[in-house]
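Asker: Sharing data02.pdb (PDB, C-alpha atoms) below.
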ATOM      1  CA  MET A  19      77.120  47.143   7.839
ATOM      2  CA  SER A  20      74.945  48.730   5.179
ATOM      3  CA  ASP A  21      75.011  52.380   4.219
ATOM      4  CA  ALA A  22      71.500  52.784   5.637
ATOM      5  CA  ALA A  23      72.641  51.451   9.040
ATOM      6  CA  GLN A  24      75.673  53.744   8.977
ATOM      7  CA  SER A  25      73.434  56.671   8.145
ATOM      8  CA  THR A  26      71.103  55.841  11.068
ATOM      9  CA  ALA A  27      74.048  55.631  13.438
ATOM     10  CA  ALA A  28      75.230  58.997  12.170
ATOM     11  CA  GLU A  29      71.778  60.433  12.813
ATOM     12  CA  VAL A  30      71.921  59.227  16.406
ATOM     13  CA  ARG A  31      75.350  60.827  16.845
ATOM     14  CA  ALA A  32      74.111  64.090  15.301
ATOM     15  CA  ALA A  33      71.066  64.071  17.604
ATOM     16  CA  ALA A  34      73.345  63.587  20.613
ATOM     17  CA  GLU A  35      75.427  66.580  19.540
ATOM     18  CA  ALA A  36      72.222  68.597  19.142
ATOM     19  CA  VAL A  37      71.276  67.765  22.735
ATOM     20  CA  LYS A  38      74.691  68.958  23.939
ATOM     21  CA  THR A  39      74.302  72.201  22.017
ATOM     22  CA  ALA A  40      70.780  72.694  23.379
ATOM     23  CA  LEU A  41      72.025  72.078  26.916
ATOM     24  CA  ASP A  42      74.702  74.743  26.538
ATOM     25  CA  ARG A  43      72.159  77.157  25.058
ATOM     26  CA  HIS A  44      69.696  76.501  27.876
ATOM     27  CA  LEU A  45      72.327  77.019  30.578
ATOM     28  CA  ALA A  46      73.470  80.254  28.956
ATOM     29  CA  ALA A  47      69.882  81.510  28.814
ATOM     30  CA  VAL A  48      69.348  80.655  32.481
ATOM     31  CA  GLU A  49      72.549  82.439  33.465
ATOM     32  CA  ARG A  50      71.440  85.563  31.572
ATOM     33  CA  ARG A  51      67.770  85.445  32.547
ATOM     34  CA  SER A  52      66.185  88.856  33.076
ATOM     35  CA  GLY A  53      63.292  87.675  35.247
ATOM     36  CA  GLU A  54      61.175  84.738  36.315
ATOM     37  CA  ASP A  55      59.342  84.575  32.968
ATOM     38  CA  ASP A  56      62.232  85.333  30.627
ATOM     39  CA  PRO A  57      61.082  84.306  27.104
ATOM     40  CA  ALA A  58      64.678  83.391  26.152
ATOM     41  CA  VAL A  59      64.737  80.732  28.884
ATOM     42  CA  TYR A  60      61.357  79.441  27.768
ATOM     43  CA  GLU A  61      62.536  79.177  24.150
ATOM     44  CA  ALA A  62      65.781  77.449  25.158
ATOM     45  CA  PHE A  63      63.794  75.009  27.280
ATOM     46  CA  ASN A  64      61.568  74.107  24.331
ATOM     47  CA  GLN A  65      64.602  73.625  22.081
ATOM     48  CA  LEU A  66      66.213  71.355  24.658
ATOM     49  CA  ALA A  67      63.016  69.351  25.037
ATOM     50  CA  ALA A  68      62.675  68.932  21.261
ATOM     51  CA  ALA A  69      66.332  67.898  20.852
ATOM     52  CA  ALA A  70      66.079  65.386  23.675
ATOM     53  CA  GLU A  71      62.913  63.879  22.206
ATOM     54  CA  VAL A  72      64.549  63.409  18.781
ATOM     55  CA  TYR A  73      67.629  61.832  20.363
ATOM     56  CA  ASP A  74      65.534  59.494  22.498
ATOM     57  CA  GLU A  75      63.514  58.300  19.506
ATOM     58  CA  LEU A  76      66.556  57.735  17.278
ATOM     59  CA  LEU A  77      68.458  56.001  20.070
ATOM     60  CA  TYR A  78      65.588  53.592  20.583
ATOM     61  CA  ASP A  79      65.104  52.960  16.864
ATOM     62  CA  ARG A  80      68.805  52.278  16.242
ATOM     63  CA  TYR A  81      69.960  50.590  19.456
ATOM     64  CA  ASP A  82      66.733  49.620  21.260
ATOM     65  CA  GLU A  83      67.931  51.790  24.151
ATOM     66  CA  VAL A  84      66.362  54.680  26.081
ATOM     67  CA  THR A  85      67.668  57.693  27.966
ATOM     68  CA  PRO A  86      67.561  57.750  31.798
ATOM     69  CA  PHE A  87      65.793  61.102  31.929
ATOM     70  CA  GLU A  88      62.534  62.617  30.784
ATOM     71  CA  ILE A  89      62.030  66.217  29.704
ATOM     72  CA  PRO A  90      58.390  67.332  29.487
ATOM     73  CA  GLY A  91      57.310  68.512  26.064
ATOM     74  CA  ALA A  92      56.563  72.128  25.318
ATOM     75  CA  GLU A  93      52.845  71.371  25.282
ATOM     76  CA  ASP A  94      53.037  70.435  28.991
ATOM     77  CA  ALA A  95      53.943  73.975  30.055
ATOM     78  CA  LEU A  96      52.372  77.347  29.502
ATOM     79  CA  PRO A  97      54.385  80.202  28.007
ATOM     80  CA  PRO A  98      55.001  83.349  30.066
ATOM     81  CA  TYR A  99      51.860  85.417  30.614
ATOM     82  CA  ALA A 100      51.617  88.239  28.081
ATOM     83  CA  GLY A 101      48.019  89.344  28.634
ATOM     84  CA  PRO A 102      46.721  92.620  30.066
ATOM     85  CA  GLU A 103      47.933  93.598  33.541
ATOM     86  CA  GLU A 104      44.409  94.686  34.479
ATOM     87  CA  PRO A 105      42.004  92.478  32.486
ATOM     88  CA  ASN A 106      38.557  93.859  31.795
ATOM     89  CA  ALA A 107      37.183  90.444  30.817
ATOM     90  CA  LEU A 108      37.937  86.789  31.284
ATOM     91  CA  SER A 109      36.981  83.429  29.824
ATOM     92  CA  VAL A 110      36.797  80.151  31.734
ATOM     93  CA  LEU A 111      37.449  77.074  29.596
ATOM     94  CA  ILE A 112      36.629  73.712  31.133
ATOM     95  CA  ARG A 113      37.138  70.217  29.796
ATOM     96  CA  ARG A 114      35.960  67.154  31.721
ATOM     97  CA  ASP A 115      36.299  63.637  30.329
ATOM     98  CA  TYR A 116      34.006  60.789  31.343
ATOM     99  CA  ALA A 117      33.694  57.117  30.488
ATOM    100  CA  VAL A 118      30.229  55.599  30.214
ATOM    101  CA  ALA A 119      30.905  52.930  32.827
ATOM    102  CA  GLU A 120      27.299  51.785  33.394
ATOM    103  CA  PRO A 121      25.120  52.405  30.326
ATOM    104  CA  GLN A 122      22.017  50.902  31.949
ATOM    105  CA  ARG A 123      22.249  53.313  34.871
ATOM    106  CA  LEU A 124      22.608  56.207  32.426
ATOM    107  CA  LEU A 125      19.597  55.046  30.404
ATOM    108  CA  ALA A 126      17.498  54.630  33.564
ATOM    109  CA  GLN A 127      18.282  58.186  34.652
ATOM    110  CA  ALA A 128      17.369  59.513  31.211
ATOM    111  CA  GLN A 129      14.077  57.612  31.258
ATOM    112  CA  ARG A 130      13.182  59.209  34.598
ATOM    113  CA  ILE A 131      13.906  62.658  33.169
ATOM    114  CA  GLU A 132      11.773  61.926  30.133
ATOM    115  CA  ALA A 133       8.915  60.555  32.237
ATOM    116  CA  ALA A 134       8.946  63.624  34.487
ATOM    117  CA  GLU A 135       8.797  65.968  31.494
ATOM    118  CA  GLY A 136       5.986  63.949  29.899
ATOM    119  CA  GLU A 137       7.227  64.456  26.335
ATOM    120  CA  ASP A 138       5.421  62.719  23.479
ATOM    121  CA  GLY A 139       7.059  61.046  20.483
ATOM    122  CA  ALA A 140       9.923  58.617  20.174
ATOM    123  CA  PRO A 141      11.897  58.447  23.443
ATOM    124  CA  ALA A 142      15.417  59.879  23.268
ATOM    125  CA  SER A 143      16.375  57.822  26.307
ATOM    126  CA  GLY A 144      16.564  54.614  24.268
ATOM    127  CA  THR A 145      20.129  55.270  23.102
ATOM    128  CA  VAL A 146      23.276  56.260  24.974
ATOM    129  CA  HIS A 147      23.836  59.435  22.943
ATOM    130  CA  GLY A 148      20.189  60.396  23.392
ATOM    131  CA  ALA A 149      20.427  59.760  27.137
ATOM    132  CA  LEU A 150      23.536  61.932  27.360
ATOM    133  CA  GLY A 151      21.693  64.754  25.605
ATOM    134  CA  LEU A 152      18.854  64.533  28.119
ATOM    135  CA  LEU A 153      21.251  64.361  31.063
ATOM    136  CA  PHE A 154      23.311  67.402  30.098
ATOM    137  CA  GLY A 155      20.175  69.286  29.126
ATOM    138  CA  GLU A 156      18.640  68.715  32.546
ATOM    139  CA  PHE A 157      21.604  69.201  34.897
ATOM    140  CA  GLU A 158      24.368  71.766  35.179
ATOM    141  CA  PRO A 159      27.878  70.447  34.369
ATOM    142  CA  ASP A 160      29.014  71.006  37.967
ATOM    143  CA  GLU A 161      26.110  68.915  39.267
ATOM    144  CA  ILE A 162      26.926  66.129  36.822
ATOM    145  CA  ALA A 163      30.552  66.262  37.990
ATOM    146  CA  SER A 164      29.508  65.875  41.626
ATOM    147  CA  ARG A 165      26.927  63.144  40.901
ATOM    148  CA  HIS A 166      28.633  61.360  37.995
ATOM    149  CA  LYS A 167      28.428  57.906  39.644
ATOM    150  CA  GLU A 168      24.637  58.212  39.903
ATOM    151  CA  PHE A 169      24.533  58.706  36.148
ATOM    152  CA  GLY A 170      26.727  55.696  35.332
ATOM    153  CA  LEU A 171      29.751  57.833  34.444
ATOM    154  CA  GLU A 172      33.375  57.461  35.465
ATOM    155  CA  GLU A 173      35.621  60.519  35.738
ATOM    156  CA  GLY A 174      38.643  60.918  33.484
ATOM    157  CA  ASP A 175      41.059  63.830  33.189
ATOM    158  CA  SER A 176      39.825  67.387  33.560
ATOM    159  CA  THR A 177      41.284  70.857  33.188
ATOM    160  CA  LEU A 178      40.164  74.425  33.807
ATOM    161  CA  TRP A 179      41.819  77.435  32.164
ATOM    162  CA  VAL A 180      41.206  81.070  33.070
ATOM    163  CA  THR A 181      42.164  83.445  30.257
ATOM    164  CA  ALA A 182      42.265  87.245  30.360
ATOM    165  CA  ALA A 183      41.214  89.779  27.749
ATOM    166  CA  ASP A 184      41.070  93.542  27.325
ATOM    167  CA  GLU A 185      37.416  93.536  26.299
ATOM    168  CA  PRO A 186      34.541  91.037  26.501
ATOM    169  CA  ALA A 187      33.755  89.145  23.311
ATOM    170  CA  GLU A 188      30.811  90.266  21.227
ATOM    171  CA  PRO A 189      27.660  88.127  21.572
ATOM    172  CA  GLY A 190      27.929  85.091  19.299
ATOM    173  CA  GLU A 191      31.479  86.003  18.254
ATOM    174  CA  TRP A 192      33.087  82.668  19.074
ATOM    175  CA  LEU A 193      30.146  80.260  19.194
ATOM    176  CA  GLU A 194      31.034  78.492  15.927
ATOM    177  CA  ALA A 195      34.562  77.638  17.149
ATOM    178  CA  PRO A 196      34.702  78.252  20.905
ATOM    179  CA  PHE A 197      38.102  76.658  21.569
ATOM    180  CA  GLU A 198      40.131  77.588  18.507
ATOM    181  CA  GLN A 199      41.188  81.096  19.482
ATOM    182  CA  VAL A 200      42.732  80.371  22.881
ATOM    183  CA  ASP A 201      46.073  82.154  23.291
ATOM    184  CA  PRO A 202      48.260  80.298  25.844
ATOM    185  CA  GLN A 203      49.955  83.597  26.690
ATOM    186  CA  GLN A 204      46.605  84.959  27.896
ATOM    187  CA  VAL A 205      46.130  82.155  30.444
ATOM    188  CA  VAL A 206      46.107  83.561  33.973
ATOM    189  CA  CYS A 207      46.009  80.162  35.683
ATOM    190  CA  ARG A 208      45.039  76.552  35.052
ATOM    191  CA  PHE A 209      44.009  73.617  37.215
ATOM    192  CA  ASP A 210      44.445  70.015  36.078
ATOM    193  CA  VAL A 211      43.068  66.777  37.512
ATOM    194  CA  SER A 212      44.397  63.443  36.240
ATOM    195  CA  ALA A 213      44.900  59.885  37.423
ATOM    196  CA  VAL A 214      48.525  60.363  36.357
ATOM    197  CA  PHE A 215      49.044  62.586  39.387
ATOM    198  CA  ASP A 216      47.513  59.937  41.659
ATOM    199  CA  ASP A 217      49.970  57.368  40.301
ATOM    200  CA  GLU A 218      52.867  59.721  41.037
ATOM    201  CA  ILE A 219      51.644  60.180  44.629
ATOM    202  CA  ASP A 220      51.317  56.401  45.033
ATOM    203  CA  ASP A 221      54.893  55.961  43.826
ATOM    204  CA  ILE A 222      56.104  58.520  46.384
ATOM    205  CA  ASP A 223      54.106  56.805  49.141
ATOM    206  CA  ASP A 224      55.620  53.436  48.207
ATOM    207  CA  GLU A 225      59.107  54.921  48.384
ATOM    208  CA  ASP A 226      58.313  56.464  51.775
ATOM    209  CA  ASP A 227      57.031  53.095  53.036
ATOM    210  CA  GLU A 228      60.258  51.417  51.938
ATOM    211  CA  ASP A 229      62.304  54.102  53.687
ATOM    212  CA  THR A 230      60.189  53.736  56.840
ATOM    213  CA  ASP A 231      60.591  49.959  56.827
ATOM    214  CA  GLY A 232      64.339  50.340  56.532
ATOM    215  CA  LEU A 233      64.408  52.843  59.390
ATOM    216  CA  GLU A 234      62.317  50.549  61.589
ATOM    217  CA  ASP A 235      64.696  47.637  60.917
ATOM    218  CA  GLU A 236      67.657  49.844  61.766
ATOM    219  CA  LEU A 237      66.020  51.020  65.011
ATOM    220  CA  ASP A 238      65.154  47.433  65.982
ATOM    221  CA  SER A 239      68.760  46.395  65.374
ATOM    222  CA  ASP A 240      70.094  49.274  67.493
ATOM    223  CA  LEU A 241      67.609  48.462  70.252
ATOM    224  CA  ASP A 242      68.693  44.807  70.323
ATOM    225  CA  GLU A 243      72.335  45.855  70.641
ATOM    226  CA  ASP A 244      71.482  48.193  73.535
ATOM    227  CA  LEU A 245      69.520  45.482  75.347
ATOM    228  CA  GLU A 246      72.222  42.779  75.157
ATOM    229  CA  PRO A 247      74.409  44.207  77.999
ATOM    230  CA  LEU A 248      71.332  44.584  80.215
ATOM    231  CA  ASP A 249      70.433  40.923  79.718
ATOM    232  CA  ALA A 250      73.990  39.921  80.558
ATOM    233  CA  ASP A 251      73.924  41.942  83.816
ATOM    234  CA  ARG A 252      70.692  40.268  84.875
ATOM    235  CA  ARG A 253      72.276  36.861  84.506
TER
END
Please render this file's structure as structure tokens.
Answerer:
Amino acid sequence: MSDAAQSTAAEVRAAAEAVKTALDRHLAAVERRSGEDDPAVYEAFNQLAAAAEVYDELLYDRYDEVTPFEIPGAEDALPPYAGPEEPNALSVLIRRDYAVAEPQRLLAQAQRIEAAEGEDGAPASGTVHGALGLLFGEFEPDEIASRHKEFGLEEGDSTLWVTAADEPAEPGEWLEAPFEQVDPQQVVCRFDVSAVFDDEIDDIDDEDDEDTDGLEDELDSDLDEDLEPLDADRR
């Protein structure tokens, strides 16, 4: 075995030891937690997640093997809230993803908007990006979200974040970079919509169906056993 292979194996072993250390550190932080949002627990969680991710990657690279567990990354969770207790201002950040599923439907809608406005010059509705500009210029985002199929769009993931602040922003203060100054510790709440969640629900439903089928088979078997003596008495 080459030195490089030995070194890779040693890296896997070192990563495994790092996971063990991170587990001990996380447990200790949980045992000493001072409240529901203890920052020490949050930090230990992130360290455990990072160590587990490194170990999983090295294990796969070296042995083509994976771990039987999954720890969500730090980016999947918000840090403890550290904003004002009584906010005087708030910001609502919304992201909605769409796929242009039916370009012809989108273009037709844009042409109707353009015809109703009676604008002269080269039509913007002749291209998909031009049609999107007309669509979002004519309708509010919430209306587009509720009528997206009419416009040839297909919903993707979406998220809404509510962040708190001590004072409202000055007019025009953040317009050049509206999403770059978001502090996760100022987030009051968030709401996510994703097909990933639907898949998880489907998996749970499938498991429930399997459990129900097994229960029905067991009940049928018990019922048959109970009926056998009755049949014998009738004979």
Asker: Enumerate, as a compact mmCIF listing (two decimals) with C-alpha atoms, in the coordinates of the input, the residues matched when the PyMOL selection byres ((chain A and resi 113) around 9) is run on the file above.
Answerer:
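Listed below is the output, out-v2.txt:
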# COMPACT_ATOMS: atom_id res chain seq x y z
CA LEU A 111 37.45 77.07 29.60
CA ILE A 112 36.63 73.71 31.13
CA ARG A 114 35.96 67.15 31.72
CA ASP A 115 36.30 63.64 30.33
CA ASP A 175 41.06 63.83 33.19
CA SER A 176 39.83 67.39 33.56
CA THR A 177 41.28 70.86 33.19
CA LEU A 178 40.16 74.42 33.81
CA TRP A 179 41.82 77.44 32.16
Asker: Counting all atoms listed in the file, which of A:Val180, A:Ala126, A:Ala34, A:Pro202 gets nearest to Thr85 (chain A)?
Answerer: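 Under the stated criterion, the closest residue is A:Ala34.
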Asker: Point out the residue among A:Leu150, A:Val110, A:Ala28, A:Ala213 with the least atom-to-atom distance to Gln129 (chain A), counting only C-alpha atoms.
Answerer: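 Smallest distance to Gln129 (chain A) is found for A:Leu150.
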Asker: State, in Å with one decimal place, the distance from CA of Glu54 (chain A) to CA of Lys38 (chain A).
Answerer: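 Between these atoms lies a distance of 24.2 Å.
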Asker: Just want the 10 Å neighbourhood of Glu132 (chain A), counted on all atoms listed in the file, with same-chain residues fewer than 2 positions away dropped. Output as a list of chain:residue names.
Answerer: A:Ala126, A:Gln127, A:Ala128, A:Gln129, A:Arg130, A:Ala134, A:Glu135, A:Gly136, A:Glu137, A:Asp138, A:Pro141, A:Ala142, A:Ser143, A:Ala149, A:Leu152, A:Leu153, A:Glu156
Asker: Using only C-alpha atoms, pick whichever of A:Gly144, A:Pro159, A:Pro189, A:Gly174 has the shortest atom-to-atom distance to Val211 (chain A).
Answerer: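 Checking each candidate against Val211 (chain A), we get A:Gly174 as the closest.
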Asker: Taking all atoms listed in the file into account, which of A:Ala32, A:Ala100, A:Leu108, A:Ala163 comes nearest Gln203 (chain A)?
Answerer: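 With all atoms listed in the file as the atom set, the closest residue is A:Ala100.
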Asker: Produce the centre coordinates and the three edge lengths, each in Å to one decimal, of the box along x, y and z that contains all listed atoms of region 178-188 of chain A with 3 Å added on each side, as JSON.
Answerer:
{"center_x": 36.5, "center_y": 84.0, "center_z": 27.5, "size_x": 17.5, "size_y": 25.1, "size_z": 18.6}
Asker: Give as an mmCIF file with C-alpha atoms, in the frame of the given file the residues that the PyMOL selection byres ((chain A and resi 45-48) around 10) matches when applied to the coordinates above.
Answerer:
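As a result, out15.cif now contains:
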data_model
loop_
_atom_site.group_PDB
_atom_site.id
_atom_site.type_symbol
_atom_site.label_atom_id
_atom_site.label_comp_id
_atom_site.auth_asym_id
_atom_site.auth_seq_id
_atom_site.Cartn_x
_atom_site.Cartn_y
_atom_site.Cartn_z
ATOM 1 C CA ALA A 40 70.780 72.694 23.379
ATOM 2 C CA LEU A 41 72.025 72.078 26.916
ATOM 3 C CA ASP A 42 74.702 74.743 26.538
ATOM 4 C CA ARG A 43 72.159 77.157 25.058
ATOM 5 C CA HIS A 44 69.696 76.501 27.876
ATOM 6 C CA GLU A 49 72.549 82.439 33.465
ATOM 7 C CA ARG A 50 71.440 85.563 31.572
ATOM 8 C CA ARG A 51 67.770 85.445 32.547
ATOM 9 C CA SER A 52 66.185 88.856 33.076
ATOM 10 C CA GLY A 53 63.292 87.675 35.247
ATOM 11 C CA GLU A 54 61.175 84.738 36.315
ATOM 12 C CA ASP A 56 62.232 85.333 30.627
ATOM 13 C CA PRO A 57 61.082 84.306 27.104
ATOM 14 C CA ALA A 58 64.678 83.391 26.152
ATOM 15 C CA VAL A 59 64.737 80.732 28.884
ATOM 16 C CA TYR A 60 61.357 79.441 27.768
ATOM 17 C CA GLU A 61 62.536 79.177 24.150
ATOM 18 C CA ALA A 62 65.781 77.449 25.158
ATOM 19 C CA PHE A 63 63.794 75.009 27.280
#
Asker: Could you check the closest approach to Gln204 (chain A) for each of A:Glu71, A:Glu191, A:Glu120, A:Asp184 and tell me which residue wins, using all atoms listed in the file?
Answerer: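 Closest candidate: A:Asp184.
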Asker: Kindly resolve the PyMOL selection byres ((chain A and resi 171) around 10) on the present coordinates and return the residues as a ChimeraX atom specification.
Answerer: /A:115-121,123-124,162-163,165-170,172-174
Asker: Pick from A:Glu188, A:Asp210, A:Glu75, A:Asp201: nearest to Thr26 (chain A), with only C-alpha atoms counted?
Answerer: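 Among A:Glu188, A:Asp210, A:Glu75, A:Asp201, it is A:Glu75 that comes nearest to Thr26 (chain A).
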Asker: Between CA of Pro86 (chain A) and CA of Ala33 (chain A), measure the distance and give it in Å to one decimal.
Answerer: 15.9 Å
Asker: Rounded to one decimal, what separation in Å do you get between CA of Phe209 (chain A) and CA of Gly101 (chain A)?
Answerer: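 So the two atoms, CA of Phe209 (chain A) and CA of Gly101 (chain A), lie 18.4 Å apart.
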Asker: Can you tell me, as a ChimeraX atom specification, what residues are no more than 9 Å from Leu76 (chain A) when counting only C-alpha atoms, ignoring any on the same chain fewer than 3 positions away?
Answerer: /A:26-27,29-30,33,71-73,79-81
Asker: Restricted to C-alpha atoms, what would the selected residues look like written as a short mmCIF file (atom, residue, chain, number, x, y, z; two decimals), keeping the file's coordinate frame?
Answerer:
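Writing done, so here's part_35.cif:
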data_model
loop_
_atom_site.label_atom_id
_atom_site.label_comp_id
_atom_site.auth_asym_id
_atom_site.auth_seq_id
_atom_site.Cartn_x
_atom_site.Cartn_y
_atom_site.Cartn_z
CA THR A 26 71.10 55.84 11.07
CA ALA A 27 74.05 55.63 13.44
CA GLU A 29 71.78 60.43 12.81
CA VAL A 30 71.92 59.23 16.41
CA ALA A 33 71.07 64.07 17.60
CA GLU A 71 62.91 63.88 22.21
CA VAL A 72 64.55 63.41 18.78
CA TYR A 73 67.63 61.83 20.36
CA ASP A 79 65.10 52.96 16.86
CA ARG A 80 68.81 52.28 16.24
CA TYR A 81 69.96 50.59 19.46
#
